[in-house]
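K.L.:
If you scroll down you'll find the structure; I have some questions about it.
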Amino acid sequence: MDKLTVTVGAREVPVVAECDVVVVGGGPAGVSAAVAAARQGASVTLLERYAALGGLAAGGMVLVLDDMVNGSEITVTGIVSEYVERLEKMGLAVYPPEEDRYASEEMWNKWARYGAFDFHSHNKPKPICYAVAFDPDGWKRVSNDLVQEAGVDLRLHSWFSEPIVEDGVMKGVICETKAGPQATLAKVVIDATGDLDVASRTGASFVHDSYIVTLVFRLGGVDTDKAEAFEQANPRETRALNRTTKRILGGAWEMWWLKTPLPGIVWCNTPHMTGFDGADPASLTAAEFEARPRINEAVEYVKANYPGFENAYLLGVAEQIGVRQTRLLQGEYIVTKDDVGQRRYFDDTVARGRDYYYPYSSLVAKEIDQLLAPGRHYSATPDAQRMSREIPPCMAMGQAAGIAAALAAEAGVMVRDVDVQAIRTAMRAQGADPGDVPSPNATFPEKQGALR
């Protein structure tokens, strides 16, 4: 049966901003893109649907920055490093010092509950590495400061609804607001929505896939010292308690609870749920209703059975459900699982993750001009994206895209024609590693990125 549709007549939409670059989405990639573009001299408008910046790092409470080291080498730097520095000064970030980054039982007991270990390693104990536990409200504060200091025109409570495209060229976007529809015109549009909301409505090619979703929560009143002492003294009993807790929750990573910079407060990156579409409101609603009873039951169980959790209480559930994968751009170059797994370096590399590289061509839409798409929806196969979608690398992509957009606007050229070396030079000037110097374990494919 065909779906019921209605026809809505033509409407006039007021223009509330005209700028060089408009960024849609104020999550980690979007803030990085907006700040980088503004620092490069562009006039920038940043549009965000919620009441605060931060995306899944704040509203989604994904509270560990990881996947940014290649052995002992820190590979993801730039705006993400500025976040860490500012959060640390606030007392809202914790990470292991360099001298503690190695594998031993002592270091595991000291740092594992902060999530600061190499989750790719198959050794036990897993080696401790550079990863950062942080506070979500602190992330919001730093986001506000960076955006204001850069001179970005921020418009919260602005929900993207329509792209403005003329003859295959992006000209801006329309958002729905409490004041009605509002248009922002720009020379370059950056889709940093995470779900490819903008690009998918322009005619740009994409694929739609799914992965697990998670409704993260935090607990207060936890005696973490007592809990860790019990775990270390009673590994068998701990395994049994964790198995039951994970069964109630319906799925979790290796550790279902981790410490935060705030004493007595832990975060739980769980329950993991499959079979939901993060781009479908009905499916997202169903996921919310499936998650909350699991959370409540798990909290009651650990209060009754898990030493250290006797006085625990539900501090809060994330404002945003954790969506890992929906629509993925199919741009000028599509990154593959082999590209990520074999650490392939590209001629047009402009950002990097742990030990993998992002070609500029994977951020550029193929059919639509003046449109860039950094973040978890970048141009990749679903399998490749699942291996390369963590927050710090997405921020590196955002920073590269913001610089590229500013360079295109200044020169009056298409984003696909921006000089890759100019992006790299500007990235380094902003303190970021564009991946132009490959690590010793990189490989070099015969077929390089499409834009060189």
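Note on naming: chains are A, B, ... as they come in the structure tokens, residues start from 1 per chain, ligands start from 1 in the order shown.
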Which of stretch 206-383 of chain A counts as strand (DSSP E) under DSSP, as an MDAnalysis selection string please?
P.N.:
chainID A and resid 206:208 213:214 217:220 258:259 266:268 272:273 313:317 322:323 327:329 349:352 357:359 371:372
K.L.:
Write down as a PyMOL selection string the residues belonging to stretch 227-419 of chain A that are assigned helix (DSSP H, G or I) by DSSP computed on the backbone.
P.N.:
chain A and resi 227-233+235-249+281-305+337-341+360-362+382-386+391-411+415-417
K.L.:
Just the residues within 7 Å of A:Asp209, please, counting only C-alpha atoms, with nothing from its chain fewer than 2 positions along; format it as a list in words.
P.N.:
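In the requested form, the answer reads Val207, Gln325, Thr326, Arg327 and Pro382 of chain A.
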K.L.:
Smallest atom-to-atom distance to A:Glu290: which of A:Ala351, A:Val213, A:Met90, A:Asp223, using only C-alpha atoms?
P.N.:
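Of A:Ala351, A:Val213, A:Met90, A:Asp223, the one nearest A:Glu290, counting only C-alpha atoms, is A:Val213.
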K.L.:
Would you mind telling me which residue in A:Ser439, A:Thr260, A:Met387, A:Ala432 lies nearest to A:Glu82 when using only C-alpha atoms?
P.N.:
A:Ala432
K.L.:
Return as a Markdown table the residues of stretch 177-274 of chain A lying at most 10 Å from stretch 25-32 of chain A, together with the closest atom-to-atom pair for each and the distance in Å to one decimal, counting only C-alpha atoms, with rows in chain order and ascending residue number.
P.N.:
| residue | atom | partner | partner_atom | distance |
| --- | --- | --- | --- | --- |
| A:Ile190 | CA | A:Gly30 | CA | 8.0 |
| A:Asp191 | CA | A:Gly25 | CA | 7.0 |
| A:Ala192 | CA | A:Gly25 | CA | 4.9 |
| A:Thr193 | CA | A:Gly25 | CA | 4.6 |
| A:Gly194 | CA | A:Gly25 | CA | 7.7 |
| A:Asp195 | CA | A:Gly25 | CA | 9.9 |
| A:Asp197 | CA | A:Gly25 | CA | 9.6 |
| A:Val198 | CA | A:Gly25 | CA | 9.9 |
K.L.:
With N, CA, C and O atoms retained, could you export that selection as a tab-separated table (two decimals), in the first residue's frame?
P.N.:
chain	number	residue	atom	x	y	z
A	190	ILE	N	28.33	22.71	5.49
A	190	ILE	CA	28.94	21.53	6.11
A	190	ILE	C	27.86	20.78	6.85
A	190	ILE	O	27.23	21.30	7.77
A	191	ASP	N	27.62	19.54	6.43
A	191	ASP	CA	26.67	18.65	7.09
A	191	ASP	C	27.41	17.92	8.20
A	191	ASP	O	28.21	17.02	7.95
A	192	ALA	N	27.14	18.31	9.44
A	192	ALA	CA	27.74	17.65	10.60
A	192	ALA	C	26.65	17.09	11.50
A	192	ALA	O	26.78	17.06	12.72
A	193	THR	N	25.57	16.63	10.89
A	193	THR	CA	24.43	16.14	11.65
A	193	THR	C	24.65	14.74	12.22
A	193	THR	O	23.91	14.30	13.10
A	194	GLY	N	25.62	14.01	11.70
A	194	GLY	CA	25.86	12.64	12.14
A	194	GLY	C	25.04	11.62	11.39
A	194	GLY	O	25.43	10.46	11.28
A	195	ASP	N	23.88	12.03	10.90
A	195	ASP	CA	22.99	11.13	10.17
A	195	ASP	C	22.82	11.55	8.72
A	195	ASP	O	21.91	11.06	8.04
A	197	ASP	N	21.70	14.26	7.47
A	197	ASP	CA	20.37	14.85	7.25
A	197	ASP	C	20.36	15.81	6.07
A	197	ASP	O	19.41	15.81	5.27
A	198	VAL	N	21.39	16.63	5.95
A	198	VAL	CA	21.42	17.64	4.89
A	198	VAL	C	21.70	16.98	3.54
A	198	VAL	O	20.93	17.09	2.59
K.L.:
Quick one: residues within 9 Å of A:Ser388, only C-alpha atoms counted, chain neighbours fewer than 4 positions away excluded, as an NGL selection string?
P.N.:
:A and (67 or 340 or 353-354 or 356 or 376 or 384 or 393-394)
K.L.:
Just want the 8 Å neighbourhood of stretch 225-237 of chain A, counted on only C-alpha atoms, with same-chain residues fewer than 6 positions away dropped. Output as a list in words.
P.N.:
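Residues near the query, excluding close chain neighbours: Asn109, Tyr306, Pro307, Gly308 and Phe309 of chain A.
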K.L.:
Please provide the set of residues having any atom within 9 Å of A:Val84, restricted to only C-alpha atoms, with same-chain residues fewer than 4 positions apart removed, written as a PDB file with N, CA and C atoms, in the first residue's frame.
P.N.:
ATOM      1  N   ILE A  79      41.780  20.603  17.802  1.00  0.00           N
ATOM      2  CA  ILE A  79      40.730  21.119  18.667  1.00  0.00           C
ATOM      3  C   ILE A  79      40.396  20.131  19.777  1.00  0.00           C
ATOM      4  N   VAL A  80      40.473  18.830  19.509  1.00  0.00           N
ATOM      5  CA  VAL A  80      40.229  17.856  20.574  1.00  0.00           C
ATOM      6  C   VAL A  80      41.239  18.039  21.705  1.00  0.00           C
ATOM      7  N   GLU A  88      40.721  19.674  31.695  1.00  0.00           N
ATOM      8  CA  GLU A  88      41.646  19.322  32.775  1.00  0.00           C
ATOM      9  C   GLU A  88      41.807  20.477  33.752  1.00  0.00           C
ATOM     10  N   LYS A  89      41.890  21.693  33.242  1.00  0.00           N
ATOM     11  CA  LYS A  89      42.014  22.869  34.116  1.00  0.00           C
ATOM     12  C   LYS A  89      40.776  23.049  34.993  1.00  0.00           C
ATOM     13  N   LEU A  92      37.782  18.467  35.188  1.00  0.00           N
ATOM     14  CA  LEU A  92      36.725  17.658  34.587  1.00  0.00           C
ATOM     15  C   LEU A  92      37.245  16.734  33.492  1.00  0.00           C
ATOM     16  N   ALA A  93      38.544  16.430  33.525  1.00  0.00           N
ATOM     17  CA  ALA A  93      39.128  15.453  32.608  1.00  0.00           C
ATOM     18  C   ALA A  93      40.228  14.693  33.336  1.00  0.00           C
ATOM     19  N   VAL A  94      40.300  13.399  33.078  1.00  0.00           N
ATOM     20  CA  VAL A  94      41.301  12.539  33.702  1.00  0.00           C
ATOM     21  C   VAL A  94      41.885  11.630  32.631  1.00  0.00           C
ATOM     22  N   VAL A 132      40.855   9.731  27.450  1.00  0.00           N
ATOM     23  CA  VAL A 132      40.469  10.790  28.381  1.00  0.00           C
ATOM     24  C   VAL A 132      39.031  10.598  28.846  1.00  0.00           C
ATOM     25  N   PHE A 134      35.922  12.306  30.749  1.00  0.00           N
ATOM     26  CA  PHE A 134      35.551  13.714  30.938  1.00  0.00           C
ATOM     27  C   PHE A 134      34.105  13.843  31.391  1.00  0.00           C
TER      28      PHE A 134
END
K.L.:
When you count only C-alpha atoms, which of these residues is closest to A:Asp167: A:Asp383, A:Glu105, A:Asp277, A:Asp369?
P.N.:
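Smallest separation from A:Asp167 among the options: A:Asp369.
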K.L.:
Restricting the calculation to only C-alpha atoms, which member of A:Asn296, A:Gln399, A:Ser362, A:Thr443 is positioned closest to A:Ala36?
P.N.:
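Ranking A:Asn296, A:Gln399, A:Ser362, A:Thr443 by distance to A:Ala36, first place goes to A:Gln399.
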K.L.:
Using only C-alpha atoms, determine which residues lie at most 9 Å from A:Gln330, disregarding the query and same-chain residues fewer than 6 positions distant; provide the list as a PDB file with all heavy atoms, in the first residue's frame.
P.N.:
ATOM      1  N   ALA A 204      22.536  13.910  -3.102  1.00  0.00           N
ATOM      2  CA  ALA A 204      23.846  13.267  -2.955  1.00  0.00           C
ATOM      3  C   ALA A 204      23.667  11.788  -2.652  1.00  0.00           C
ATOM      4  O   ALA A 204      22.743  11.388  -1.936  1.00  0.00           O
ATOM      5  CB  ALA A 204      24.639  13.937  -1.832  1.00  0.00           C
ATOM      6  N   SER A 205      24.547  10.967  -3.180  1.00  0.00           N
ATOM      7  CA  SER A 205      24.450   9.520  -2.979  1.00  0.00           C
ATOM      8  C   SER A 205      24.788   9.152  -1.539  1.00  0.00           C
ATOM      9  O   SER A 205      25.698   9.724  -0.930  1.00  0.00           O
ATOM     10  CB  SER A 205      25.407   8.787  -3.922  1.00  0.00           C
ATOM     11  OG  SER A 205      25.049   9.014  -5.275  1.00  0.00           O
ATOM     12  N   PHE A 206      24.049   8.155  -1.011  1.00  0.00           N
ATOM     13  CA  PHE A 206      24.343   7.649   0.325  1.00  0.00           C
ATOM     14  C   PHE A 206      23.807   6.234   0.443  1.00  0.00           C
ATOM     15  O   PHE A 206      23.006   5.775  -0.381  1.00  0.00           O
ATOM     16  CB  PHE A 206      23.715   8.546   1.403  1.00  0.00           C
ATOM     17  CG  PHE A 206      22.206   8.545   1.421  1.00  0.00           C
ATOM     18  CD1 PHE A 206      21.490   7.676   2.235  1.00  0.00           C
ATOM     19  CD2 PHE A 206      21.489   9.419   0.611  1.00  0.00           C
ATOM     20  CE1 PHE A 206      20.103   7.669   2.251  1.00  0.00           C
ATOM     21  CE2 PHE A 206      20.100   9.430   0.620  1.00  0.00           C
ATOM     22  CZ  PHE A 206      19.404   8.541   1.438  1.00  0.00           C
ATOM     23  N   VAL A 207      24.289   5.524   1.454  1.00  0.00           N
ATOM     24  CA  VAL A 207      23.721   4.230   1.816  1.00  0.00           C
ATOM     25  C   VAL A 207      23.155   4.359   3.224  1.00  0.00           C
ATOM     26  O   VAL A 207      23.562   5.228   3.992  1.00  0.00           O
ATOM     27  CB  VAL A 207      24.768   3.092   1.759  1.00  0.00           C
ATOM     28  CG1 VAL A 207      25.244   2.875   0.342  1.00  0.00           C
ATOM     29  CG2 VAL A 207      25.946   3.367   2.698  1.00  0.00           C
ATOM     30  N   SER A 362      36.858  11.734   0.850  1.00  0.00           N
ATOM     31  CA  SER A 362      35.806  11.030   1.583  1.00  0.00           C
ATOM     32  C   SER A 362      34.895  11.996   2.342  1.00  0.00           C
ATOM     33  O   SER A 362      33.910  11.563   2.953  1.00  0.00           O
ATOM     34  CB  SER A 362      36.415  10.017   2.561  1.00  0.00           C
ATOM     35  OG  SER A 362      37.079  10.673   3.627  1.00  0.00           O
ATOM     36  N   VAL A 364      33.812  14.854   0.627  1.00  0.00           N
ATOM     37  CA  VAL A 364      33.247  15.677  -0.446  1.00  0.00           C
ATOM     38  C   VAL A 364      32.110  14.936  -1.147  1.00  0.00           C
ATOM     39  O   VAL A 364      32.293  13.816  -1.634  1.00  0.00           O
ATOM     40  CB  VAL A 364      34.339  16.037  -1.475  1.00  0.00           C
ATOM     41  CG1 VAL A 364      33.758  16.895  -2.597  1.00  0.00           C
ATOM     42  CG2 VAL A 364      35.493  16.774  -0.793  1.00  0.00           C
ATOM     43  N   ALA A 365      30.940  15.570  -1.201  1.00  0.00           N
ATOM     44  CA  ALA A 365      29.803  14.987  -1.919  1.00  0.00           C
ATOM     45  C   ALA A 365      30.113  14.924  -3.405  1.00  0.00           C
ATOM     46  O   ALA A 365      30.805  15.783  -3.950  1.00  0.00           O
ATOM     47  CB  ALA A 365      28.548  15.817  -1.674  1.00  0.00           C
ATOM     48  N   LYS A 366      29.582  13.912  -4.069  1.00  0.00           N
ATOM     49  CA  LYS A 366      29.924  13.680  -5.470  1.00  0.00           C
ATOM     50  C   LYS A 366      29.043  14.474  -6.433  1.00  0.00           C
ATOM     51  O   LYS A 366      29.527  15.090  -7.380  1.00  0.00           O
ATOM     52  CB  LYS A 366      29.810  12.186  -5.778  1.00  0.00           C
ATOM     53  CG  LYS A 366      30.467  11.757  -7.086  1.00  0.00           C
ATOM     54  CD  LYS A 366      30.534  10.241  -7.169  1.00  0.00           C
ATOM     55  CE  LYS A 366      31.309   9.798  -8.403  1.00  0.00           C
ATOM     56  NZ  LYS A 366      31.428   8.326  -8.480  1.00  0.00           N
ATOM     57  N   TYR A 378      30.662  10.151   7.221  1.00  0.00           N
ATOM     58  CA  TYR A 378      31.558  10.420   6.098  1.00  0.00           C
ATOM     59  C   TYR A 378      31.474   9.291   5.073  1.00  0.00           C
ATOM     60  O   TYR A 378      30.841   8.258   5.306  1.00  0.00           O
ATOM     61  CB  TYR A 378      32.981  10.639   6.598  1.00  0.00           C
ATOM     62  CG  TYR A 378      33.800   9.385   6.842  1.00  0.00           C
ATOM     63  CD1 TYR A 378      34.824   9.027   5.977  1.00  0.00           C
ATOM     64  CD2 TYR A 378      33.571   8.568   7.949  1.00  0.00           C
ATOM     65  CE1 TYR A 378      35.594   7.884   6.195  1.00  0.00           C
ATOM     66  CE2 TYR A 378      34.326   7.434   8.175  1.00  0.00           C
ATOM     67  CZ  TYR A 378      35.333   7.093   7.296  1.00  0.00           C
ATOM     68  OH  TYR A 378      36.089   5.962   7.507  1.00  0.00           O
ATOM     69  N   SER A 379      32.080   9.467   3.924  1.00  0.00           N
ATOM     70  CA  SER A 379      31.948   8.522   2.820  1.00  0.00           C
ATOM     71  C   SER A 379      32.751   7.252   3.104  1.00  0.00           C
ATOM     72  O   SER A 379      33.976   7.223   2.966  1.00  0.00           O
ATOM     73  CB  SER A 379      32.430   9.164   1.510  1.00  0.00           C
ATOM     74  OG  SER A 379      32.318   8.267   0.435  1.00  0.00           O
ATOM     75  N   ALA A 380      32.042   6.211   3.487  1.00  0.00           N
ATOM     76  CA  ALA A 380      32.676   4.948   3.844  1.00  0.00           C
ATOM     77  C   ALA A 380      31.660   3.827   3.682  1.00  0.00           C
ATOM     78  O   ALA A 380      30.443   4.066   3.676  1.00  0.00           O
ATOM     79  CB  ALA A 380      33.186   4.988   5.284  1.00  0.00           C
ATOM     80  N   THR A 381      32.150   2.604   3.560  1.00  0.00           N
ATOM     81  CA  THR A 381      31.254   1.457   3.621  1.00  0.00           C
ATOM     82  C   THR A 381      30.816   1.274   5.071  1.00  0.00           C
ATOM     83  O   THR A 381      31.512   1.709   5.997  1.00  0.00           O
ATOM     84  CB  THR A 381      31.951   0.188   3.132  1.00  0.00           C
ATOM     85  OG1 THR A 381      33.035  -0.131   4.029  1.00  0.00           O
ATOM     86  CG2 THR A 381      32.488   0.359   1.714  1.00  0.00           C
TER      87      THR A 381
END
K.L.:
Counting only C-alpha atoms, which of A:Ser361, A:Pro374, A:Thr5, A:Leu156 gets nearest to A:Val418?
P.N.:
A:Ser361
